[in-house]
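Visitor: Pasting final.pdb below, which is PDB, C-alpha atoms and all ligand atoms.
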```
ATOM      1  CA  MET A 181      99.205 107.795  94.853
ATOM      2  CA  GLU A 182      95.743 108.638  93.516
ATOM      3  CA  TYR A 183      95.219 107.162  90.076
ATOM      4  CA  ASN A 184      93.131 108.943  87.441
ATOM      5  CA  PHE A 185      92.893 106.018  85.033
ATOM      6  CA  LEU A 186      93.251 102.912  87.182
ATOM      7  CA  LYS A 187      90.796 101.155  89.448
ATOM      8  CA  THR A 188      92.553  98.940  91.946
ATOM      9  CA  ALA A 189      91.242  96.226  94.236
ATOM     10  CA  THR A 190      92.528  93.301  96.241
ATOM     11  CA  GLU A 191      90.881  89.996  97.117
ATOM     12  CA  GLY A 192      93.033  88.213  99.657
ATOM     13  CA  ASN A 193      96.458  87.788  98.022
ATOM     14  CA  ILE A 194      95.137  88.732  94.584
ATOM     15  CA  ALA A 195      95.424  92.257  93.169
ATOM     16  CA  ILE A 196      93.070  93.366  90.406
ATOM     17  CA  LEU A 197      94.100  96.263  88.191
ATOM     18  CA  THR A 198      91.407  97.706  85.920
ATOM     19  CA  ILE A 199      92.505 100.164  83.252
ATOM     20  CA  SER A 200      89.808 102.795  83.038
ATOM     21  CA  ALA A 201      89.693 105.418  80.299
ATOM     22  CA  PRO A 202      86.185 104.709  78.979
ATOM     23  CA  LYS A 203      86.045 107.645  76.557
ATOM     24  CA  SER A 204      88.862 106.150  74.490
ATOM     25  CA  LEU A 205      88.102 102.449  75.097
ATOM     26  CA  ASN A 206      90.954 102.379  77.650
ATOM     27  CA  ALA A 207      93.609 103.518  75.147
ATOM     28  CA  LEU A 208      97.006 103.995  76.779
ATOM     29  CA  ASN A 209      98.364 107.525  77.042
ATOM     30  CA  SER A 210     101.583 108.561  78.838
ATOM     31  CA  THR A 211      99.737 109.256  82.072
ATOM     32  CA  ILE A 212      98.165 105.791  82.138
ATOM     33  CA  LEU A 213     101.503 104.166  81.356
ATOM     34  CA  GLY A 214     103.052 106.104  84.260
ATOM     35  CA  GLU A 215     100.235 105.046  86.568
ATOM     36  CA  ILE A 216     100.586 101.366  85.606
ATOM     37  CA  GLY A 217     104.352 101.571  86.210
ATOM     38  CA  HIS A 218     103.832 103.164  89.628
ATOM     39  CA  TYR A 219     101.179 100.605  90.576
ATOM     40  CA  VAL A 220     103.324  97.637  89.595
ATOM     41  CA  ASP A 221     106.356  99.064  91.408
ATOM     42  CA  ASN A 222     104.366  99.484  94.609
ATOM     43  CA  LEU A 223     102.442  96.227  94.856
ATOM     44  CA  PRO A 224     102.502  95.020  98.466
ATOM     45  CA  ALA A 225     104.675  92.006  99.263
ATOM     46  CA  SER A 226     101.559  90.075 100.358
ATOM     47  CA  ILE A 227     100.214  90.004  96.778
ATOM     48  CA  ARG A 228     100.796  86.650  95.068
ATOM     49  CA  CYS A 229      99.019  87.155  91.751
ATOM     50  CA  LEU A 230      97.924  90.160  89.671
ATOM     51  CA  ILE A 231      94.970  90.268  87.280
ATOM     52  CA  ILE A 232      94.859  93.028  84.656
ATOM     53  CA  THR A 233      91.600  93.848  82.901
ATOM     54  CA  GLY A 234      89.850  96.762  81.182
ATOM     55  CA  ASP A 235      86.895  98.812  82.354
ATOM     56  CA  GLY A 236      83.522  98.233  80.690
ATOM     57  CA  GLU A 237      82.175  95.429  78.559
ATOM     58  CA  LYS A 238      83.651  96.486  75.253
ATOM     59  CA  SER A 239      87.368  96.930  75.563
ATOM     60  CA  PHE A 240      90.430  95.616  77.361
ATOM     61  CA  VAL A 241      92.724  98.254  75.837
ATOM     62  CA  ALA A 242      92.139  99.638  72.327
ATOM     63  CA  GLY A 243      95.810 100.430  71.820
ATOM     64  CA  ALA A 244      98.118 103.296  72.515
ATOM     65  CA  ASP A 245      96.394 106.679  72.435
ATOM     66  CA  ILE A 246      96.391 107.707  68.778
ATOM     67  CA  SER A 247      95.558 111.336  69.619
ATOM     68  CA  GLU A 248      98.724 111.555  71.735
ATOM     69  CA  MET A 249     100.893 109.879  69.077
ATOM     70  CA  ALA A 250      99.567 111.794  66.063
ATOM     71  CA  GLY A 251     101.902 114.805  66.388
ATOM     72  CA  LEU A 252     105.066 113.066  67.570
ATOM     73  CA  ASN A 253     108.376 113.396  65.723
ATOM     74  CA  ALA A 254     110.841 110.502  65.408
ATOM     75  CA  GLN A 255     112.607 111.221  68.702
ATOM     76  CA  GLU A 256     109.367 111.642  70.610
ATOM     77  CA  GLY A 257     107.949 108.489  69.013
ATOM     78  CA  GLU A 258     110.980 106.524  70.157
ATOM     79  CA  ALA A 259     110.638 107.946  73.679
ATOM     80  CA  PHE A 260     106.916 107.082  73.810
ATOM     81  CA  GLY A 261     107.602 103.539  72.630
ATOM     82  CA  LYS A 262     110.409 103.179  75.187
ATOM     83  CA  ARG A 263     108.127 104.336  77.978
ATOM     84  CA  GLY A 264     105.502 101.708  77.133
ATOM     85  CA  ALA A 265     108.101  99.001  76.571
ATOM     86  CA  GLU A 266     109.674  99.676  79.980
ATOM     87  CA  VAL A 267     106.341  99.480  81.779
ATOM     88  CA  PHE A 268     105.410  96.245  79.986
ATOM     89  CA  ARG A 269     108.815  94.764  80.823
ATOM     90  CA  LYS A 270     108.159  95.527  84.506
ATOM     91  CA  ILE A 271     104.970  93.455  84.205
ATOM     92  CA  GLU A 272     106.727  90.634  82.375
ATOM     93  CA  THR A 273     109.474  90.426  85.005
ATOM     94  CA  LEU A 274     107.284  91.044  88.058
ATOM     95  CA  ARG A 275     108.038  88.478  90.796
ATOM     96  CA  ILE A 276     104.412  87.253  90.737
ATOM     97  CA  PRO A 277     102.314  85.807  87.894
ATOM     98  CA  VAL A 278     100.135  88.239  85.964
ATOM     99  CA  ILE A 279      96.883  87.141  84.298
ATOM    100  CA  ALA A 280      95.368  89.274  81.532
ATOM    101  CA  ALA A 281      91.570  88.988  81.665
ATOM    102  CA  ILE A 282      90.775  90.329  78.212
ATOM    103  CA  ASN A 283      87.221  91.601  78.140
ATOM    104  CA  GLY A 284      86.945  93.058  74.619
ATOM    105  CA  PHE A 285      89.276  94.874  72.211
ATOM    106  CA  ALA A 286      92.960  94.099  72.724
ATOM    107  CA  LEU A 287      94.422  96.021  69.803
ATOM    108  CA  GLY A 288      97.904  97.382  69.199
ATOM    109  CA  GLY A 289      99.328  98.355  72.581
ATOM    110  CA  GLY A 290      96.410  96.488  74.186
ATOM    111  CA  CYS A 291      97.453  93.209  72.619
ATOM    112  CA  GLU A 292     101.053  94.059  73.555
ATOM    113  CA  LEU A 293     100.035  94.639  77.180
ATOM    114  CA  ALA A 294      98.246  91.277  77.239
ATOM    115  CA  MET A 295     101.351  89.592  75.802
ATOM    116  CA  ALA A 296     103.539  91.048  78.573
ATOM    117  CA  CYS A 297     101.346  89.136  81.047
ATOM    118  CA  ASP A 298     102.127  85.526  81.933
ATOM    119  CA  ILE A 299      98.696  84.107  81.083
ATOM    120  CA  ARG A 300      95.907  85.383  78.800
ATOM    121  CA  ILE A 301      92.243  84.425  79.051
ATOM    122  CA  CYS A 302      89.446  86.274  77.309
ATOM    123  CA  SER A 303      85.715  86.739  76.886
ATOM    124  CA  ASN A 304      84.062  85.509  73.704
ATOM    125  CA  ASN A 305      83.590  89.132  72.531
ATOM    126  CA  ALA A 306      87.356  89.812  72.622
ATOM    127  CA  ARG A 307      89.116  90.986  69.465
ATOM    128  CA  PHE A 308      92.870  90.921  68.971
ATOM    129  CA  GLY A 309      95.102  92.600  66.458
ATOM    130  CA  GLN A 310      98.168  94.650  65.699
ATOM    131  CA  PRO A 311      96.681  97.322  63.391
ATOM    132  CA  GLU A 312      99.694  99.652  63.584
ATOM    133  CA  VAL A 313     100.847  99.420  59.966
ATOM    134  CA  GLY A 314      97.446 100.823  58.974
ATOM    135  CA  LEU A 315      98.402 103.924  60.953
ATOM    136  CA  GLY A 316     101.890 104.208  59.487
ATOM    137  CA  ILE A 317     103.716 102.781  62.492
ATOM    138  CA  ILE A 318     104.811  99.369  63.754
ATOM    139  CA  PRO A 319     103.994  97.694  67.065
ATOM    140  CA  GLY A 320     106.129  99.751  69.436
ATOM    141  CA  PHE A 321     105.552  98.239  72.861
ATOM    142  CA  SER A 322     107.583  95.080  72.090
ATOM    143  CA  GLY A 323     104.826  93.441  70.037
ATOM    144  CA  THR A 324     107.080  92.351  67.185
ATOM    145  CA  LEU A 325     109.139  90.403  69.722
ATOM    146  CA  ARG A 326     106.438  88.919  71.938
ATOM    147  CA  LEU A 327     103.887  88.028  69.260
ATOM    148  CA  ALA A 328     106.470  86.013  67.344
ATOM    149  CA  LYS A 329     107.590  84.305  70.565
ATOM    150  CA  LEU A 330     104.027  83.417  71.506
ATOM    151  CA  ILE A 331     102.438  82.302  68.258
ATOM    152  CA  GLY A 332     105.421  81.764  65.954
ATOM    153  CA  MET A 333     106.981  84.003  63.361
ATOM    154  CA  GLY A 334     104.728  83.054  60.430
ATOM    155  CA  MET A 335     101.430  83.852  62.122
ATOM    156  CA  ALA A 336     102.906  86.932  63.854
ATOM    157  CA  LYS A 337     104.025  88.306  60.495
ATOM    158  CA  GLN A 338     100.571  87.679  59.019
ATOM    159  CA  LEU A 339      98.804  89.509  61.849
ATOM    160  CA  ILE A 340     101.254  92.422  61.858
ATOM    161  CA  TYR A 341     101.538  92.882  58.072
ATOM    162  CA  THR A 342      97.781  92.621  57.407
ATOM    163  CA  GLY A 343      96.756  94.550  60.528
ATOM    164  CA  LYS A 344      93.576  92.466  60.580
ATOM    165  CA  ASN A 345      91.743  91.762  63.823
ATOM    166  CA  ILE A 346      90.980  88.220  64.909
ATOM    167  CA  LYS A 347      88.198  86.895  67.111
ATOM    168  CA  ALA A 348      88.534  85.061  70.401
ATOM    169  CA  ASP A 349      88.171  81.573  68.903
ATOM    170  CA  GLU A 350      90.987  82.247  66.428
ATOM    171  CA  ALA A 351      93.148  83.689  69.233
ATOM    172  CA  LEU A 352      92.566  80.435  71.116
ATOM    173  CA  ARG A 353      93.390  78.334  68.070
ATOM    174  CA  ILE A 354      96.740  80.056  67.482
ATOM    175  CA  GLY A 355      97.716  80.044  71.156
ATOM    176  CA  LEU A 356      97.414  83.760  71.802
ATOM    177  CA  VAL A 357      94.987  83.030  74.662
ATOM    178  CA  ASN A 358      94.621  79.975  76.869
ATOM    179  CA  ALA A 359      90.837  79.969  77.294
ATOM    180  CA  VAL A 360      87.659  81.758  76.172
ATOM    181  CA  TYR A 361      84.665  82.380  78.461
ATOM    182  CA  GLU A 362      81.270  84.028  78.458
ATOM    183  CA  PRO A 363      81.784  87.682  79.477
ATOM    184  CA  ALA A 364      80.125  87.148  82.876
ATOM    185  CA  ASP A 365      82.429  84.205  83.611
ATOM    186  CA  LEU A 366      85.710  85.923  82.715
ATOM    187  CA  MET A 367      86.578  87.559  86.046
ATOM    188  CA  PRO A 368      85.357  84.634  88.194
ATOM    189  CA  GLN A 369      87.538  82.342  86.074
ATOM    190  CA  ALA A 370      90.512  84.723  86.348
ATOM    191  CA  ILE A 371      90.085  84.861  90.120
ATOM    192  CA  ALA A 372      89.740  81.064  90.369
ATOM    193  CA  MET A 373      92.983  80.662  88.407
ATOM    194  CA  ALA A 374      94.700  83.284  90.581
ATOM    195  CA  GLU A 375      93.499  81.495  93.727
ATOM    196  CA  SER A 376      94.970  78.210  92.539
ATOM    197  CA  ILE A 377      98.291  79.997  91.898
ATOM    198  CA  CYS A 378      98.162  81.702  95.322
ATOM    199  CA  ALA A 379      97.688  78.344  97.072
ATOM    200  CA  ASN A 380     101.146  77.241  95.896
ATOM    201  CA  ALA A 381     104.550  78.126  97.302
ATOM    202  CA  PRO A 382     105.168  81.772  96.299
ATOM    203  CA  VAL A 383     108.965  81.540  96.066
ATOM    204  CA  ALA A 384     108.693  78.405  93.921
ATOM    205  CA  VAL A 385     106.152  80.111  91.642
ATOM    206  CA  ALA A 386     108.470  83.134  91.353
ATOM    207  CA  TYR A 387     111.448  80.899  90.528
ATOM    208  CA  ALA A 388     109.368  79.020  87.937
ATOM    209  CA  LYS A 389     108.448  82.345  86.277
ATOM    210  CA  GLU A 390     112.070  83.477  86.353
ATOM    211  CA  CYS A 391     113.229  80.194  84.780
ATOM    212  CA  ILE A 392     110.644  80.174  81.989
ATOM    213  CA  ASN A 393     111.350  83.814  81.099
ATOM    214  CA  ALA A 394     115.130  83.542  81.256
ATOM    215  CA  GLU A 395     115.551  80.163  79.617
ATOM    216  CA  TYR A 396     113.809  81.149  76.419
ATOM    217  CA  ASP A 397     116.885  83.071  75.295
ATOM    218  CA  LEU A 398     119.505  80.607  76.535
ATOM    219  CA  SER A 399     121.033  77.563  74.917
ATOM    220  CA  ASP A 400     119.621  74.239  76.174
ATOM    221  CA  ASP A 401     122.726  73.637  78.294
ATOM    222  CA  GLU A 402     122.565  77.122  79.827
ATOM    223  CA  ALA A 403     118.812  76.769  80.441
ATOM    224  CA  ILE A 404     119.238  73.395  82.156
ATOM    225  CA  ALA A 405     121.954  74.888  84.375
ATOM    226  CA  TYR A 406     119.728  77.899  85.153
ATOM    227  CA  GLU A 407     116.837  75.674  86.217
ATOM    228  CA  ASN A 408     119.178  73.460  88.214
ATOM    229  CA  ARG A 409     120.450  76.475  90.207
ATOM    230  CA  LEU A 410     116.946  77.717  91.050
ATOM    231  CA  PHE A 411     115.766  74.174  91.786
ATOM    232  CA  GLY A 412     118.547  73.958  94.369
ATOM    233  CA  MET A 413     117.584  77.344  95.822
ATOM    234  CA  CYS A 414     114.054  76.034  96.501
ATOM    235  CA  PHE A 415     115.576  73.718  99.095
ATOM    236  CA  ALA A 416     116.744  76.757 101.055
ATOM    237  CA  THR A 417     113.100  77.834 101.612
ATOM    238  CA  GLU A 418     110.768  77.071 104.510
ATOM    239  CA  ASP A 419     108.037  76.480 101.948
ATOM    240  CA  GLN A 420     109.865  73.443 100.567
ATOM    241  CA  LYS A 421     110.360  71.996 104.070
ATOM    242  CA  ASN A 422     106.725  72.647 105.023
ATOM    243  CA  GLY A 423     105.269  71.575 101.663
ATOM    244  CA  MET A 424     107.030  68.212 101.631
ATOM    245  CA  LYS A 425     106.409  67.609 105.345
ATOM    246  CA  ALA A 426     102.691  68.313 104.832
ATOM    247  CA  PHE A 427     102.554  65.940 101.869
ATOM    248  CA  LEU A 428     104.235  63.144 103.807
ATOM    249  CA  SER A 429     101.887  63.609 106.772
ATOM    250  CA  LYS A 430      98.883  63.849 104.415
ATOM    251  CA  GLU A 431      98.087  67.429 105.460
ATOM    252  CA  LYS A 432      97.423  70.579 103.467
ATOM    253  CA  CYS A 433     100.230  73.125 103.551
ATOM    254  CA  THR A 434      99.644  76.837 103.990
ATOM    255  CA  PHE A 435     102.696  78.427 102.406
ATOM    256  CA  GLU A 436     104.258  81.488 104.046
ATOM    257  CA  GLY A 437     106.345  82.521 101.058
ATOM    258  CA  ARG A 438     109.700  82.137 102.802
TER     259      ARG A 438
HETATM  260  N1  LIG B   1      93.484 105.934  70.712
HETATM  261  C1  LIG B   1      92.712 107.023  70.939
HETATM  262  N2  LIG B   1      91.364 106.988  70.941
HETATM  263  C2  LIG B   1      90.792 105.810  70.688
HETATM  264  C3  LIG B   1      91.533 104.641  70.438
HETATM  265  C4  LIG B   1      92.940 104.747  70.459
HETATM  266  N3  LIG B   1      93.747 103.673  70.267
HETATM  267  N4  LIG B   1      90.678 103.622  70.208
HETATM  268  C5  LIG B   1      89.432 104.133  70.325
HETATM  269  N5  LIG B   1      89.504 105.442  70.608
HETATM  270  C6  LIG B   1      88.373 106.371  70.810
HETATM  271  C7  LIG B   1      87.710 106.739  69.499
HETATM  272  O1  LIG B   1      88.426 107.762  68.850
HETATM  273  C8  LIG B   1      86.343 107.190  69.972
HETATM  274  O2  LIG B   1      86.458 108.486  70.484
HETATM  275  P1  LIG B   1      85.271 109.563  70.203
HETATM  276  O3  LIG B   1      84.064 108.981  70.889
HETATM  277  O4  LIG B   1      85.784 110.802  70.843
HETATM  278  O5  LIG B   1      85.108 109.623  68.723
HETATM  279  C9  LIG B   1      86.074 106.252  71.155
HETATM  280  O6  LIG B   1      87.349 105.725  71.546
HETATM  281  C10 LIG B   1      85.174 105.080  70.803
HETATM  282  O7  LIG B   1      85.722 104.453  69.654
HETATM  283  P2  LIG B   1      84.882 104.160  68.328
HETATM  284  O8  LIG B   1      83.777 105.144  68.180
HETATM  285  O9  LIG B   1      85.864 104.046  67.210
HETATM  286  O10 LIG B   1      84.261 102.742  68.701
HETATM  287  P3  LIG B   1      83.890 101.581  67.695
HETATM  288  O11 LIG B   1      83.149 100.563  68.491
HETATM  289  O12 LIG B   1      83.251 102.101  66.474
HETATM  290  O13 LIG B   1      85.320 100.954  67.241
HETATM  291  C11 LIG B   1      87.545 100.143  67.623
HETATM  292  C12 LIG B   1      86.131 100.353  68.212
HETATM  293  C13 LIG B   1      87.494  99.113  66.515
HETATM  294  C14 LIG B   1      88.431  99.628  68.753
HETATM  295  C15 LIG B   1      88.068 101.492  67.073
HETATM  296  O14 LIG B   1      87.919 102.489  68.083
HETATM  297  C16 LIG B   1      89.493 101.453  66.681
HETATM  298  O15 LIG B   1      89.829 100.943  65.613
HETATM  299  N6  LIG B   1      90.403 102.007  67.539
HETATM  300  C17 LIG B   1      91.783 102.098  67.240
HETATM  301  C18 LIG B   1      92.457 100.758  67.395
HETATM  302  C19 LIG B   1      93.933 100.862  67.033
HETATM  303  O16 LIG B   1      94.288 101.167  65.923
HETATM  304  N7  LIG B   1      94.803 100.576  68.030
HETATM  305  C20 LIG B   1      96.211 100.613  67.829
HETATM  306  C21 LIG B   1      96.732 101.953  68.124
HETATM  307  S1  LIG B   1      98.435 102.085  67.741
HETATM  308  C22 LIG B   1      99.191 101.315  69.004
HETATM  309  O17 LIG B   1      98.595 100.776  69.901
HETATM  310  C23 LIG B   1     100.653 101.307  68.934
HETATM  311  C24 LIG B   1     101.298 100.726  70.170
HETATM  312  C25 LIG B   1     102.761 100.969  70.171
HETATM  313  C26 LIG B   1     103.061 102.426  70.353
HETATM  314  C27 LIG B   1     104.480 102.753  70.117
HETATM  315  C28 LIG B   1     104.768 104.257  70.294
HETATM  316  C29 LIG B   1     105.560 104.888  69.235
END
```
Could you write out this structure as structure tokens?
Ligand code: CO8

Guide:
Amino acid sequence: MEYNFLKTATEGNIAILTISAPKSLNALNSTILGEIGHYVDNLPASIRCLIITGDGEKSFVAGADISEMAGLNAQEGEAFGKRGAEVFRKIETLRIPVIAAINGFALGGGCELAMACDIRICSNNARFGQPEVGLGIIPGFSGTLRLAKLIGMGMAKQLIYTGKNIKADEALRIGLVNAVYEPADLMPQAIAMAESICANAPVAVAYAKECINAEYDLSDDEAIAYENRLFGMCFATEDQKNGMKAFLSKEKCTFEGR
């Protein structure tokens, strides 16, 4: 499929998705959401890590497209929110890790997109916020859920109720991002992190992602049982045999993902 608003690239086992709607600072309209969903659904099996970033030096994603939302009625608003939420859930539950390389504004739906990714790193010019209540709406792409999970309910409520933006250093302090870099270093750092993920056993990485995501909502006993089951399943993979054999013979293992 030809994408109108996405630039796509691969570097070895790493896929790089750049959201590109420069006139609106990469704001997400229905077409872009559809394109992201299609892209994620059709990632080749050889890809072991996905990086999502925004086009240009100013913005990751400046939110959902306000011009598209302005005239919606309640039913249409719910449908638009559902569409975004479904696409972001695809990203969250993708078999491979997803790194958000946040290169500027990550507001509203942009912050929500970043939160659907496994790992967030940003440039020092990044700005984060959930400004929706200033527009008469609430975060509608699962931001009320994920922000509270990530940074705790108290800080999430403050950010959402005030609608105020925060800078990169504050995002780092509250745990919304894992690291802050000079703009020129952001993508090289994202790629270096992706490469270190890709060097590991892909099935084990996928199981680790599945465990961390699933266990959050389980009781401790259920979570321990969940991890135990997937831990056992690792021993049915060639990667586990090859990885441990390589360690014991002091060699480096190239994992096949089986
Ligand atoms: N939607 C549509 N257009 C946008 C958006 C947006 N979210 N953000 C920026 N743009 C457009 C501007 O309108 C402007 O267009 P034009 O050149 O035609 O006037 C262009 O991008 C450049 O923007 P600015 O001139 O405003 O650039 P500044 O550097 O002055 O300001 C800001 C940058 C601070 C990012 C500013 O553009 C801004 O505040 N944007 C809106 C941010 C925002 O409120 N985002 C949240 C939107 S709501 C949302 O995301 C809800 C998600 C859940 C949806 C659930 C569905 C029901």

Visitor: Mind dumping a table of every chain A residue within 6 Å of ligand LIG 1 (chain B), with the nearest atom pair and its distance in Å to one decimal, using all atoms listed in the file, sorted by chain and rising number, as CSV?

Guide:
```
residue,atom,partner,partner_atom,distance
A:Lys203,CA,B:LIG1,O6,5.5
A:Ser204,CA,B:LIG1,O6,3.3
A:Leu205,CA,B:LIG1,O6,4.9
A:Ala207,CA,B:LIG1,N3,4.9
A:Ala242,CA,B:LIG1,N4,4.7
A:Gly243,CA,B:LIG1,O17,3.4
A:Ala244,CA,B:LIG1,O17,3.7
A:Asp245,CA,B:LIG1,N1,3.5
A:Ile246,CA,B:LIG1,N1,3.9
A:Ser247,CA,B:LIG1,C1,5.3
A:Gly257,CA,B:LIG1,C29,4.3
A:Glu258,CA,B:LIG1,C29,5.7
A:Phe260,CA,B:LIG1,C28,5.0
A:Gly261,CA,B:LIG1,C28,3.7
A:Phe285,CA,B:LIG1,C14,5.9
A:Leu287,CA,B:LIG1,N7,4.9
A:Gly288,CA,B:LIG1,O17,3.5
A:Gly289,CA,B:LIG1,O17,3.7
A:Pro311,CA,B:LIG1,O16,5.2
A:Glu312,CA,B:LIG1,S1,5.0
A:Pro319,CA,B:LIG1,C25,4.7
A:Gly320,CA,B:LIG1,C27,3.5
A:Phe321,CA,B:LIG1,C25,4.7
```

Visitor: Would you translate the PyMOL selection byres (((chain A and resi 377-394) around 7) and not hetatm) into the concrete set of residues it matches in this file, as a list in words?

Guide: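 So the PyMOL selection byres (((chain A and resi 377-394) around 7) and not hetatm), applied here, picks out Asn193, Arg228, Cys229, Arg275, Ile276, Met373, Ala374, Glu375, Ser376, Glu395, Tyr396, Asp397, Tyr406, Glu407, Leu410, Cys414, Asp419, Phe435, Gly437 and Arg438 of chain A.
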
Visitor: Kindly indicate which residue among A:Leu213, A:Leu252, A:Ile271, A:Ile196 lies nearest to A:Asn184, using all atoms listed in the file for the distances.

Guide: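 Selected residue with least distance to A:Asn184: A:Leu213.
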
Visitor: Set the distance at 8 Å and use only C-alpha atoms: which residues neighbour stretch 357-371 of chain A once local chain neighbours fewer than 3 positions away are removed? I'd like the list as a PyMOL selection string.

Guide: chain A and resi 194+231+237+279+281+283+299-305+348-349+351-352+354+374-375

Visitor: Can you list what the PyMOL selection byres (((chain A and resi 212) around 10) and not hetatm) grabs from this structure, as a list in words?

Guide: Tyr183, Asn184, Phe185, Leu186, Ile199, Ser200, Ala201, Asn206, Ala207, Leu208, Asn209, Ser210, Thr211, Leu213, Gly214, Glu215, Ile216, Gly217, His218, Ala244, Asp245 and Gly264 of chain A

Visitor: Just give me the gap between atom CA of A:Ala280 and atom CA of A:Ile232 in Å, one decimal is fine.

Guide: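 Calculated distance between atom CA of A:Ala280 and atom CA of A:Ile232 is 4.9 Å.
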
Visitor: Under the rule that all atoms listed in the file are counted, which of A:Ala405, A:Ile346, A:Ile317, A:Met424 is the nearest residue to A:Ala254?

Guide: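 Residue with the minimum atom-to-atom distance to A:Ala254: A:Ile317.
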
Visitor: In Å, how far is it from atom CA of A:Met295 to atom CA of A:Ser322?

Guide: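 Atom-to-atom, atom CA of A:Met295 and atom CA of A:Ser322 are spaced 9.1 Å apart.
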
Visitor: Using all atoms listed in the file, which of the listed residues (A:Leu356, A:Ala259, A:Ala426, A:Ala403) sits closest to A:Lys329?

Guide: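 Looking at the shortest contact to A:Lys329, the residue is A:Leu356.
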
Visitor: Can you tell me how far atom CA of A:Gly323 sits from atom CA of A:Leu398, in Å to one decimal?

Guide: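 Rounded to one decimal, the two atoms are 20.6 Å apart.
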
Visitor: Would you mind telling me which residue in A:Thr434, A:Gln310, A:Gln420, A:Ser239 lies nearest to A:Pro202 when using only C-alpha atoms?

Guide: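 Comparing A:Thr434, A:Gln310, A:Gln420, A:Ser239 against A:Pro202, the winner is A:Ser239.
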
Visitor: Tell me which of A:Ala372, A:Ile227, A:Val241, A:Leu327 sits closest to A:Gly290, counting only C-alpha atoms.

Guide: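 Under the stated criterion, the closest residue is A:Val241.
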
Visitor: Check the smallest atom-to-atom distance from each of A:Glu418, A:Glu292, A:Asp221, A:Glu402 to A:Ile318 using all atoms listed in the file, then report the winner.

Guide: A:Glu292

Visitor: Let me have the centre and edge lengths of the axis-aligned box enclosing all listed atoms of stretch 228-233 of chain A with 8 Å padding on every side, in Å to one decimal, as JSON.

Guide:
```
{"center_x": 96.2, "center_y": 90.2, "center_z": 89.0, "size_x": 25.2, "size_y": 23.2, "size_z": 28.2}
```
